[in-house]
Amino acid sequence: MTREGTADMREIAGDILYVDLSERRAWREPALHEDILNFLGGRGLNAHLLWKLTGPDTDPLGPDNPLIFGAGLLSGTEVPCSGRTTVTCRSPATRWYLKTSGGGHWGGELKFAGIGHLVITGRADHPVYLWIDDGRVEFRDARPIWGKDVRETDLSVKKDVGDEDIQVAAIGPAGERLVKFAGIMFSVYNTAGRGGAGAVMGAKNLKAVAVRGTGALRAAQPARFHKVAVECREALLAESGGEGLARYGTAGSVEAVNELRAWASYNFRRSRDEDVYPLSGQYLVERGYLKRRVACLACVFGCHRYTELTRGEFAGCYTGGPELETLGSFGSGCGVSDTEAVIKANELCNILGMDTISCGSVIAWTMECYEKGLVSARDLDGLDLRWGDAKAVIEMVRRIAYREGFGDVLAEGVRAAARQVGGDSYRWAVEAKGLEQSRVDTRSAKAYALAFAVNPRGADHLHTETFAEFGLSPEGRALIARITGDEKYADPCMVEKRAEIVRWHEDCFAVTDALGLCAFSSTALYGVTPARMAELFSAATGHEISEEEVMRAGRRIVTLEKCFNVRAGAVRADDCLPWRLMHEHTPDRPDPDAINAPEELDRMLDEYYSLHGWDLETSWPTSETLESLGLGDVARQLAAAGKLR
Amino acid sequence: MEKFLVVYPDLCTGCRLCEAACSYRHEGVYSPSLSRVRVVKFEDRCLSVPVVCNYCEQPPCEASCPTGAMSAAPDGRYALVREDRCIGCKECVHACPLGAVHLHPRSGVAIRCDLCRGDPECVKVCTAGALRYEPLEAAVREKRRARAASLNPA
């Protein structure tokens, strides 16, 4: 056994595997120590690789857009909730930066194959899938499986390889058809869903990436690493929110968010749903839809769901999910309260390979267009797409994935669809930067509002989950007190201190993603503190790093991601929220503060940019800020492009 | 009372922390291939089942071993693989009807569960309660009661 502190970082981080699909060539390089120290791994190293491999004109669906898979630095170890994989590329939906992550077991398998990051460039001349067998790469013909759904693809690839224990990441028909919100599915039902990474994979003619890893991961200081991992596990299991998360899943908090008037309903016209119980995690359990709790690699909670419908119209339906976002998107968002229909829509999205958030959002937007007469039944080939019509929703999901009829318009995302339909329909296209907003009604949650506005990938919660501002748990309230100095700021209607709250969470979330951890370990539950993450990194790599340094690495990652957008042309005006949320009240929150007024957002943005050391007029990181984070090379490139102040 | 590693497959969430704990305890690394317990997954149904050594009363792995490498500890409470005797002939792997014995992917020596010599690590990390270290009678009792309850018309 290796002595404490002498193991190479490679034994925990794995190599970088480069694959050029055009040339059918693959090669491995060890990750540089310096890059691991600066960017940690996972999302962080992905961001660094993307920055180096792209320019301002990289076409998201062209062969030059790299599709980068990054397993977490700690994925594959015993650290609780460490199984997440980040996918990074330029987004075809927004044309901005995209990181999207998924759970499951694929990333861990990649690590056991000795690989931490997989960088795919080029485009195959016909459909292929990759077979990575302990680091050996084969390009296999995927023409026989092109067109198959994700479940069939998973089984077919396993059969073709001759091993049912391997891990597969795959796209479905939606990714093949370049649907702008097609996802990449890990372990069948775990989606890297947001921003259209599945379309990037489809554009490369890449149907799947299959992996088998029989190797081992070794921490530089095994005993210390083990000790901290056990501490993390015990801390998480002791948290007040842990049991509910395990029992009821993410959807266990649907009712609480609804009561806070932060539950987006009827395409964000409402911020509360009177009939929300059938869309709750509690209901899934009570009615027996939930068959099993499901865990990603090394997860101590198992918040993922597995549901089956054994009776009724959709009997025979079985799928991973539904999560809170899916229940909100196809449920309240479309005025639907039919649990079984939502489960069916979820199954379709999973096997066709689409993000449930965007898919439900474009349908809700169409319902509003239909109601207002901007889209007719004739436009919809006779479909009567009224609020609450669950069957029409399900039919629309299918049409989007296969780009049939009006589905072809919606497959481009809500921003493009609103341009095509015209009129005032942009006002209820609930997107920012071109990404459909996730389920939180930010009018009733101001830290979420700021976080969504500055999120480089668009309006959603998975760059910076600020759940603590709701003050729903003692741990969340204690965290707000630690960040702001007073527990009273655990109030989602306050504007004060939101910049501080957002910045702490974005630093922490960046580290969380880089290490491969789940939000439910550090920024939605809190047992894996920044101090523990620093300990884990130090013990894993043998390089001592403090809590401040690990959070600084998080800031470096966040800043580099911002710089990607700056290089691509982003200015302050791009950090905004959907029109509806900035201008319209809901009947559930008639008070004047309950919108994301432009002046209010501006005030929070000023505070946020100031905290970061970014220029207030342009939102660009300044030269001093970049130098202080060790991003001097980035500063020089931005300066050459005239984007540095 | 003698304890066994008992699997409750209905409770397994498939996190595979048992594999990580096992490989760390025995090899100092994290590797499912080096774990004595293996979680088998049927992913389209989100189904996971831990496969463990059941501690057969008449272990075919021991009976088939030509060198005596597969043997019980002197007090008979747990199983050993005497690595100095193992020749990597794989007879034990073929003999085990459960698939609970396999080979070290690099050294080629047989691997099987030694119950961590009476304190199994996999059980400690199983928050779902799918792996338990308990007297067989406890498992049977629970099963008997569950079965009886399912027959109760009320």
# chains A, B, ... in the order shown; residues from 1 in each chain; ligands from 1
call {"tool": "interface_residues", "arguments": {"of": "chain A", "to": "chain B", "cutoff": "6 Å", "atoms": "only C-alpha atoms", "output": "ChimeraX atom specification"}}
result
/A:77-78,214,216-218,293-299
call {"tool": "write_last_selection", "arguments": {"atoms": "N, CA and C atoms", "output": "tab-separated table (two decimals), in the first residue's frame"}}
result
chain	number	residue	atom	x	y	z
A	77	THR	N	-15.21	7.43	-5.13
A	77	THR	CA	-14.72	7.16	-3.77
A	77	THR	C	-15.91	6.97	-2.82
A	78	GLU	N	-15.60	6.87	-1.55
A	78	GLU	CA	-16.65	6.69	-0.55
A	78	GLU	C	-17.24	8.00	-0.05
A	214	THR	N	-12.31	-1.28	-14.50
A	214	THR	CA	-12.01	-2.28	-13.46
A	214	THR	C	-10.87	-1.82	-12.56
A	216	ALA	N	-8.78	1.12	-9.95
A	216	ALA	CA	-8.97	1.55	-8.57
A	216	ALA	C	-8.58	3.02	-8.41
A	217	LEU	N	-9.21	3.68	-7.45
A	217	LEU	CA	-8.87	5.06	-7.11
A	217	LEU	C	-8.19	5.06	-5.74
A	218	ARG	N	-7.13	5.84	-5.64
A	218	ARG	CA	-6.38	5.86	-4.39
A	218	ARG	C	-6.17	7.30	-3.95
A	293	ARG	N	-36.88	3.93	-4.00
A	293	ARG	CA	-35.96	5.06	-3.92
A	293	ARG	C	-34.69	4.64	-4.66
A	294	VAL	N	-34.06	5.57	-5.32
A	294	VAL	CA	-32.90	5.23	-6.14
A	294	VAL	C	-31.74	6.17	-5.81
A	295	ALA	N	-30.56	5.59	-5.67
A	295	ALA	CA	-29.39	6.40	-5.31
A	295	ALA	C	-28.42	6.51	-6.48
A	296	CYS	N	-27.83	7.68	-6.63
A	296	CYS	CA	-26.67	7.81	-7.51
A	296	CYS	C	-25.47	7.20	-6.76
A	297	LEU	N	-24.35	7.11	-7.46
A	297	LEU	CA	-23.17	6.50	-6.86
A	297	LEU	C	-22.81	7.20	-5.55
A	298	ALA	N	-22.69	6.42	-4.49
A	298	ALA	CA	-22.21	6.87	-3.18
A	298	ALA	C	-23.19	7.78	-2.43
A	299	CYS	N	-24.44	7.82	-2.88
A	299	CYS	CA	-25.41	8.70	-2.22
A	299	CYS	C	-26.01	8.04	-0.98
call {"tool": "residues_around", "arguments": {"residues": "B:Arg36", "least_positions_apart": "6", "cutoff": "12 Å", "atoms": "only C-alpha atoms", "output": "MDAnalysis selection string"}}
result
chainID B and resid 5 16 18:27 50:54 79 81 99:104 110:116 120:122
call {"tool": "residues_around", "arguments": {"residues": "stretch 423-437 of chain A", "least_positions_apart": "5", "cutoff": "6 Å", "atoms": "only C-alpha atoms", "output": "MDAnalysis selection string"}}
result
chainID A and resid 94 358 414:415 418 458:460 577:580
call {"tool": "residues_around", "arguments": {"residues": "A:Val188", "least_positions_apart": "4", "cutoff": "8 Å", "atoms": "only C-alpha atoms", "output": "ChimeraX atom specification"}}
result
/A:150-151,154,168-170,350-351 /B:43-44
call {"tool": "write_last_selection", "arguments": {"atoms": "C-alpha atoms", "output": "mmCIF file, in the first residue's frame"}}
result
data_model
loop_
_atom_site.group_PDB
_atom_site.id
_atom_site.type_symbol
_atom_site.label_atom_id
_atom_site.label_comp_id
_atom_site.auth_asym_id
_atom_site.auth_seq_id
_atom_site.Cartn_x
_atom_site.Cartn_y
_atom_site.Cartn_z
ATOM 1 C CA VAL A 150 -32.641 5.687 -24.575
ATOM 2 C CA ARG A 151 -33.852 2.535 -22.834
ATOM 3 C CA ASP A 154 -28.831 1.188 -23.252
ATOM 4 C CA VAL A 168 -23.833 3.966 -20.827
ATOM 5 C CA ALA A 169 -24.396 7.649 -21.567
ATOM 6 C CA ALA A 170 -26.756 8.029 -24.487
ATOM 7 C CA ASN A 350 -36.469 10.216 -20.395
ATOM 8 C CA ILE A 351 -36.599 7.715 -23.199
ATOM 9 C CA GLU B 43 -31.009 -0.063 -14.702
ATOM 10 C CA ASP B 44 -34.139 0.173 -16.846
#
call {"tool": "atom_distance", "arguments": {"atom1": "atom CA of A:Glu465", "atom2": "atom CA of A:Asp35"}}
result
25.8 Å
call {"tool": "atom_distance", "arguments": {"atom1": "atom CA of A:Gly195", "atom2": "atom CA of A:Thr339"}}
result
26.2 Å
call {"tool": "decode", "arguments": {"residues": "stretch 6-29 of chain B", "atoms": "C-alpha atoms", "output": "CSV table (one decimal), in the first residue's frame"}}
result
chain,number,residue,atom,x,y,z
B,6,VAL,CA,-28.2,-10.8,5.3
B,7,VAL,CA,-29.4,-9.0,2.2
B,8,TYR,CA,-32.7,-7.2,2.0
B,9,PRO,CA,-32.8,-6.5,-1.7
B,10,ASP,CA,-36.1,-4.6,-1.5
B,11,LEU,CA,-34.3,-1.9,0.5
B,12,CYS,CA,-31.2,-1.5,-1.7
B,13,THR,CA,-31.1,2.0,-3.4
B,14,GLY,CA,-28.0,1.0,-5.4
B,15,CYS,CA,-25.6,3.6,-4.0
B,16,ARG,CA,-22.8,1.0,-4.0
B,17,LEU,CA,-21.1,2.5,-0.9
B,18,CYS,CA,-20.8,-1.1,0.3
B,19,GLU,CA,-18.4,-1.7,-2.6
B,20,ALA,CA,-16.4,1.4,-1.8
B,21,ALA,CA,-16.2,0.5,1.9
B,22,CYS,CA,-15.2,-3.1,1.2
B,23,SER,CA,-12.5,-2.3,-1.3
B,24,TYR,CA,-11.1,0.4,1.0
B,25,ARG,CA,-11.0,-1.9,4.0
B,26,HIS,CA,-9.3,-4.8,2.1
B,27,GLU,CA,-7.2,-3.0,-0.4
B,28,GLY,CA,-6.9,0.6,0.7
B,29,VAL,CA,-8.4,1.8,-2.6
